[in-house]
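Scroll down for the structure; my scribbles are underneath it.
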Amino acid sequence: MSAALERATGSWAVSYRGVPTISVFYGIVIQMFWRDHAPPHFHVLYGEYEATLDLRELRLLRGALPRRAHALVLEWAAEHRDELMEDWNLCSRLQHPKPIEPLT
């Protein structure tokens, strides 16, 4: 795990809003809830913005993001789709997801 990811996934990030945080980059926080509803998805926080994106289709399910932040999230998610699905499966079994390298 990179030093940047270790800093980003410190106790403040993992417990942010009581939800597992799996990555942080450019001020964007990526989270997954335990035992969340289908379809497989992840949550994105960026400033005052919140969004939910489908894991399989990488499309916006709910909320909004600024155009640039949305593009960064899509780029990151495309690079880590298998890891995201693994984390979804862990969360569905109430297990802590694994950190995923941030976009650099």
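As shown in the structure tokens, the chain order sets the letters A, B, ...; within each chain, residues go from 1, and ligands are also counted from 1 in the order they appear.
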DSSP alpha helix (DSSP H) selection over chain A, as an MDAnalysis selection string:
chainID A and resid 3:8 11:14 67:79 81:92
Residues from the last selection, N, CA and C atoms, saved as an mmCIF file, in the first residue's frame:
data_model
loop_
_atom_site.group_PDB
_atom_site.id
_atom_site.type_symbol
_atom_site.label_atom_id
_atom_site.label_comp_id
_atom_site.auth_asym_id
_atom_site.auth_seq_id
_atom_site.Cartn_x
_atom_site.Cartn_y
_atom_site.Cartn_z
ATOM 1 N N ALA A 3 2.241 5.084 0.654
ATOM 2 C CA ALA A 3 2.205 5.953 1.832
ATOM 3 C C ALA A 3 1.016 6.908 1.750
ATOM 4 N N ALA A 4 0.717 7.396 0.540
ATOM 5 C CA ALA A 4 -0.420 8.310 0.376
ATOM 6 C C ALA A 4 -1.726 7.616 0.729
ATOM 7 N N LEU A 5 -1.870 6.361 0.315
ATOM 8 C CA LEU A 5 -3.105 5.637 0.623
ATOM 9 C C LEU A 5 -3.182 5.343 2.114
ATOM 10 N N GLU A 6 -2.056 5.022 2.749
ATOM 11 C CA GLU A 6 -2.069 4.789 4.186
ATOM 12 C C GLU A 6 -2.537 6.043 4.922
ATOM 13 N N ARG A 7 -2.052 7.209 4.489
ATOM 14 C CA ARG A 7 -2.496 8.459 5.114
ATOM 15 C C ARG A 7 -3.977 8.682 4.833
ATOM 16 N N ALA A 8 -4.390 8.434 3.598
ATOM 17 C CA ALA A 8 -5.776 8.702 3.205
ATOM 18 C C ALA A 8 -6.761 7.763 3.870
ATOM 19 N N SER A 11 -7.519 6.470 10.410
ATOM 20 C CA SER A 11 -8.749 6.289 11.173
ATOM 21 C C SER A 11 -9.801 7.346 10.845
ATOM 22 N N TRP A 12 -9.381 8.571 10.492
ATOM 23 C CA TRP A 12 -10.372 9.598 10.159
ATOM 24 C C TRP A 12 -11.161 9.206 8.926
ATOM 25 N N ALA A 13 -10.499 8.569 7.952
ATOM 26 C CA ALA A 13 -11.174 8.221 6.703
ATOM 27 C C ALA A 13 -12.052 6.993 6.871
ATOM 28 N N VAL A 14 -11.536 5.976 7.532
ATOM 29 C CA VAL A 14 -12.290 4.736 7.678
ATOM 30 C C VAL A 14 -13.569 4.981 8.458
ATOM 31 N N ARG A 67 -18.432 18.287 -13.202
ATOM 32 C CA ARG A 67 -17.974 17.560 -14.388
ATOM 33 C C ARG A 67 -16.570 16.964 -14.220
ATOM 34 N N ARG A 68 -15.620 17.772 -13.746
ATOM 35 C CA ARG A 68 -14.238 17.292 -13.611
ATOM 36 C C ARG A 68 -14.127 16.181 -12.564
ATOM 37 N N ALA A 69 -14.785 16.346 -11.425
ATOM 38 C CA ALA A 69 -14.761 15.311 -10.383
ATOM 39 C C ALA A 69 -15.400 14.026 -10.899
ATOM 40 N N HIS A 70 -16.495 14.150 -11.637
ATOM 41 C CA HIS A 70 -17.155 12.981 -12.204
ATOM 42 C C HIS A 70 -16.208 12.239 -13.154
ATOM 43 N N ALA A 71 -15.501 12.982 -13.997
ATOM 44 C CA ALA A 71 -14.551 12.368 -14.931
ATOM 45 C C ALA A 71 -13.429 11.649 -14.184
ATOM 46 N N LEU A 72 -12.929 12.245 -13.108
ATOM 47 C CA LEU A 72 -11.869 11.604 -12.318
ATOM 48 C C LEU A 72 -12.369 10.318 -11.667
ATOM 49 N N VAL A 73 -13.578 10.354 -11.140
ATOM 50 C CA VAL A 73 -14.159 9.160 -10.515
ATOM 51 C C VAL A 73 -14.333 8.049 -11.550
ATOM 52 N N LEU A 74 -14.825 8.384 -12.728
ATOM 53 C CA LEU A 74 -15.004 7.374 -13.778
ATOM 54 C C LEU A 74 -13.666 6.775 -14.202
ATOM 55 N N GLU A 75 -12.645 7.613 -14.332
ATOM 56 C CA GLU A 75 -11.315 7.114 -14.688
ATOM 57 C C GLU A 75 -10.797 6.161 -13.618
ATOM 58 N N TRP A 76 -10.910 6.552 -12.359
ATOM 59 C CA TRP A 76 -10.457 5.713 -11.248
ATOM 60 C C TRP A 76 -11.241 4.395 -11.196
ATOM 61 N N ALA A 77 -12.559 4.475 -11.308
ATOM 62 C CA ALA A 77 -13.396 3.280 -11.214
ATOM 63 C C ALA A 77 -13.120 2.307 -12.352
ATOM 64 N N ALA A 78 -12.886 2.816 -13.540
ATOM 65 C CA ALA A 78 -12.579 1.941 -14.679
ATOM 66 C C ALA A 78 -11.284 1.172 -14.433
ATOM 67 N N GLU A 79 -10.322 1.820 -13.789
ATOM 68 C CA GLU A 79 -9.036 1.170 -13.487
ATOM 69 C C GLU A 79 -9.160 0.139 -12.380
ATOM 70 N N ARG A 81 -12.192 -1.618 -11.350
ATOM 71 C CA ARG A 81 -13.516 -2.249 -11.333
ATOM 72 C C ARG A 81 -13.521 -3.597 -10.606
ATOM 73 N N ASP A 82 -12.518 -4.439 -10.846
ATOM 74 C CA ASP A 82 -12.468 -5.751 -10.177
ATOM 75 C C ASP A 82 -12.319 -5.588 -8.662
ATOM 76 N N GLU A 83 -11.472 -4.658 -8.236
ATOM 77 C CA GLU A 83 -11.281 -4.411 -6.804
ATOM 78 C C GLU A 83 -12.556 -3.855 -6.176
ATOM 79 N N LEU A 84 -13.252 -3.002 -6.899
ATOM 80 C CA LEU A 84 -14.518 -2.471 -6.403
ATOM 81 C C LEU A 84 -15.541 -3.588 -6.214
ATOM 82 N N MET A 85 -15.602 -4.505 -7.153
ATOM 83 C CA MET A 85 -16.546 -5.622 -7.032
ATOM 84 C C MET A 85 -16.169 -6.511 -5.849
ATOM 85 N N GLU A 86 -14.867 -6.722 -5.653
ATOM 86 C CA GLU A 86 -14.408 -7.499 -4.494
ATOM 87 C C GLU A 86 -14.830 -6.802 -3.197
ATOM 88 N N ASP A 87 -14.654 -5.491 -3.131
ATOM 89 C CA ASP A 87 -15.068 -4.750 -1.941
ATOM 90 C C ASP A 87 -16.578 -4.802 -1.745
ATOM 91 N N TRP A 88 -17.343 -4.736 -2.834
ATOM 92 C CA TRP A 88 -18.797 -4.849 -2.725
ATOM 93 C C TRP A 88 -19.168 -6.187 -2.078
ATOM 94 N N ASN A 89 -18.514 -7.250 -2.531
ATOM 95 C CA ASN A 89 -18.800 -8.577 -1.979
ATOM 96 C C ASN A 89 -18.414 -8.656 -0.504
ATOM 97 N N LEU A 90 -17.292 -8.041 -0.122
ATOM 98 C CA LEU A 90 -16.895 -8.017 1.285
ATOM 99 C C LEU A 90 -17.937 -7.271 2.127
ATOM 100 N N CYS A 91 -18.342 -6.101 1.667
ATOM 101 C CA CYS A 91 -19.334 -5.313 2.405
ATOM 102 C C CYS A 91 -20.664 -6.041 2.528
ATOM 103 N N SER A 92 -21.033 -6.777 1.499
ATOM 104 C CA SER A 92 -22.302 -7.508 1.556
ATOM 105 C C SER A 92 -22.260 -8.608 2.612
#
Can you tell me, as a list in words, which residues in chain A count as strand (DSSP E or B) by DSSP?
Thr21, Ile22, Ser23, Val24, Phe25, Ile28, Val29, Ile30, Gln31, His41, Phe42, His43, Val44, Leu45, Tyr46, Tyr49, Glu50, Ala51, Thr52, Leu53, Asp54, Leu60, Leu61, Arg62 and Gly63 of chain A
Deliver the residues from the most recent selection as a file, using N, CA and C atoms, as a JSON list (two decimals), in the first residue's frame.
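selection-v4.json was written with the following content:
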[["chain", "number", "residue", "atom", "x", "y", "z"],
["A", 21, "THR", "N", -14.38, 3.84, 4.08],
["A", 21, "THR", "CA", -13.81, 4.63, 3.00],
["A", 21, "THR", "C", -12.75, 3.79, 2.32],
["A", 22, "ILE", "N", -12.88, 3.61, 1.01],
["A", 22, "ILE", "CA", -11.96, 2.73, 0.31],
["A", 22, "ILE", "C", -10.90, 3.47, -0.48],
["A", 23, "SER", "N", -11.12, 4.75, -0.76],
["A", 23, "SER", "CA", -10.10, 5.53, -1.45],
["A", 23, "SER", "C", -10.39, 7.02, -1.29],
["A", 24, "VAL", "N", -9.33, 7.81, -1.35],
["A", 24, "VAL", "CA", -9.44, 9.26, -1.29],
["A", 24, "VAL", "C", -8.42, 9.82, -2.27],
["A", 25, "PHE", "N", -8.87, 10.71, -3.16],
["A", 25, "PHE", "CA", -7.95, 11.35, -4.10],
["A", 25, "PHE", "C", -8.54, 12.68, -4.55],
["A", 28, "ILE", "N", -11.75, 13.82, -3.29],
["A", 28, "ILE", "CA", -12.89, 12.92, -3.56],
["A", 28, "ILE", "C", -12.79, 11.74, -2.60],
["A", 29, "VAL", "N", -13.88, 11.44, -1.91],
["A", 29, "VAL", "CA", -13.94, 10.32, -0.97],
["A", 29, "VAL", "C", -14.84, 9.25, -1.56],
["A", 30, "ILE", "N", -14.31, 8.02, -1.64],
["A", 30, "ILE", "CA", -15.06, 6.88, -2.18],
["A", 30, "ILE", "C", -15.41, 5.95, -1.02],
["A", 31, "GLN", "N", -16.69, 5.63, -0.89],
["A", 31, "GLN", "CA", -17.15, 4.80, 0.21],
["A", 31, "GLN", "C", -18.10, 3.70, -0.27],
["A", 41, "HIS", "N", -22.85, -0.81, -6.14],
["A", 41, "HIS", "CA", -22.54, 0.60, -6.37],
["A", 41, "HIS", "C", -21.59, 1.12, -5.29],
["A", 42, "PHE", "N", -21.10, 2.34, -5.49],
["A", 42, "PHE", "CA", -20.28, 3.00, -4.48],
["A", 42, "PHE", "C", -20.75, 4.45, -4.35],
["A", 43, "HIS", "N", -20.37, 5.04, -3.23],
["A", 43, "HIS", "CA", -20.78, 6.40, -2.91],
["A", 43, "HIS", "C", -19.59, 7.33, -3.04],
["A", 44, "VAL", "N", -19.84, 8.53, -3.53],
["A", 44, "VAL", "CA", -18.80, 9.52, -3.75],
["A", 44, "VAL", "C", -19.18, 10.80, -3.02],
["A", 45, "LEU", "N", -18.23, 11.33, -2.26],
["A", 45, "LEU", "CA", -18.39, 12.62, -1.60],
["A", 45, "LEU", "C", -17.32, 13.56, -2.14],
["A", 46, "TYR", "N", -17.72, 14.75, -2.49],
["A", 46, "TYR", "CA", -16.79, 15.76, -2.97],
["A", 46, "TYR", "C", -17.32, 17.12, -2.58],
["A", 49, "TYR", "N", -21.04, 17.97, -2.61],
["A", 49, "TYR", "CA", -21.68, 17.05, -3.56],
["A", 49, "TYR", "C", -21.65, 15.62, -3.04],
["A", 50, "GLU", "N", -22.70, 14.88, -3.36],
["A", 50, "GLU", "CA", -22.78, 13.44, -3.07],
["A", 50, "GLU", "C", -23.37, 12.75, -4.28],
["A", 51, "ALA", "N", -22.84, 11.57, -4.58],
["A", 51, "ALA", "CA", -23.35, 10.81, -5.72],
["A", 51, "ALA", "C", -23.20, 9.32, -5.45],
["A", 52, "THR", "N", -23.98, 8.54, -6.16],
["A", 52, "THR", "CA", -23.89, 7.08, -6.12],
["A", 52, "THR", "C", -23.71, 6.62, -7.55],
["A", 53, "LEU", "N", -22.69, 5.74, -7.76],
["A", 53, "LEU", "CA", -22.40, 5.24, -9.11],
["A", 53, "LEU", "C", -22.52, 3.73, -9.17],
["A", 54, "ASP", "N", -23.14, 3.24, -10.22],
["A", 54, "ASP", "CA", -23.26, 1.81, -10.49],
["A", 54, "ASP", "C", -21.88, 1.24, -10.79],
["A", 60, "LEU", "N", -24.10, 7.16, -13.24],
["A", 60, "LEU", "CA", -24.64, 7.85, -12.09],
["A", 60, "LEU", "C", -26.03, 7.32, -11.77],
["A", 61, "LEU", "N", -26.21, 6.87, -10.54],
["A", 61, "LEU", "CA", -27.51, 6.38, -10.09],
["A", 61, "LEU", "C", -28.29, 7.46, -9.37],
["A", 62, "ARG", "N", -27.56, 8.30, -8.62],
["A", 62, "ARG", "CA", -28.22, 9.30, -7.79],
["A", 62, "ARG", "C", -27.23, 10.41, -7.47],
["A", 63, "GLY", "N", -27.72, 11.61, -7.29],
["A", 63, "GLY", "CA", -26.89, 12.73, -6.90],
["A", 63, "GLY", "C", -26.21, 13.39, -8.09]]
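The nearest approach to Leu65 (chain A) among the residues A:Pro39, A:Pro20, A:Pro97, A:Gly47, with only C-alpha atoms taken into account, belongs to A:Gly47.
The gap separating CA of Leu103 (chain A) from CA of Leu58 (chain A) is 16.0 Å, in Å to one decimal.
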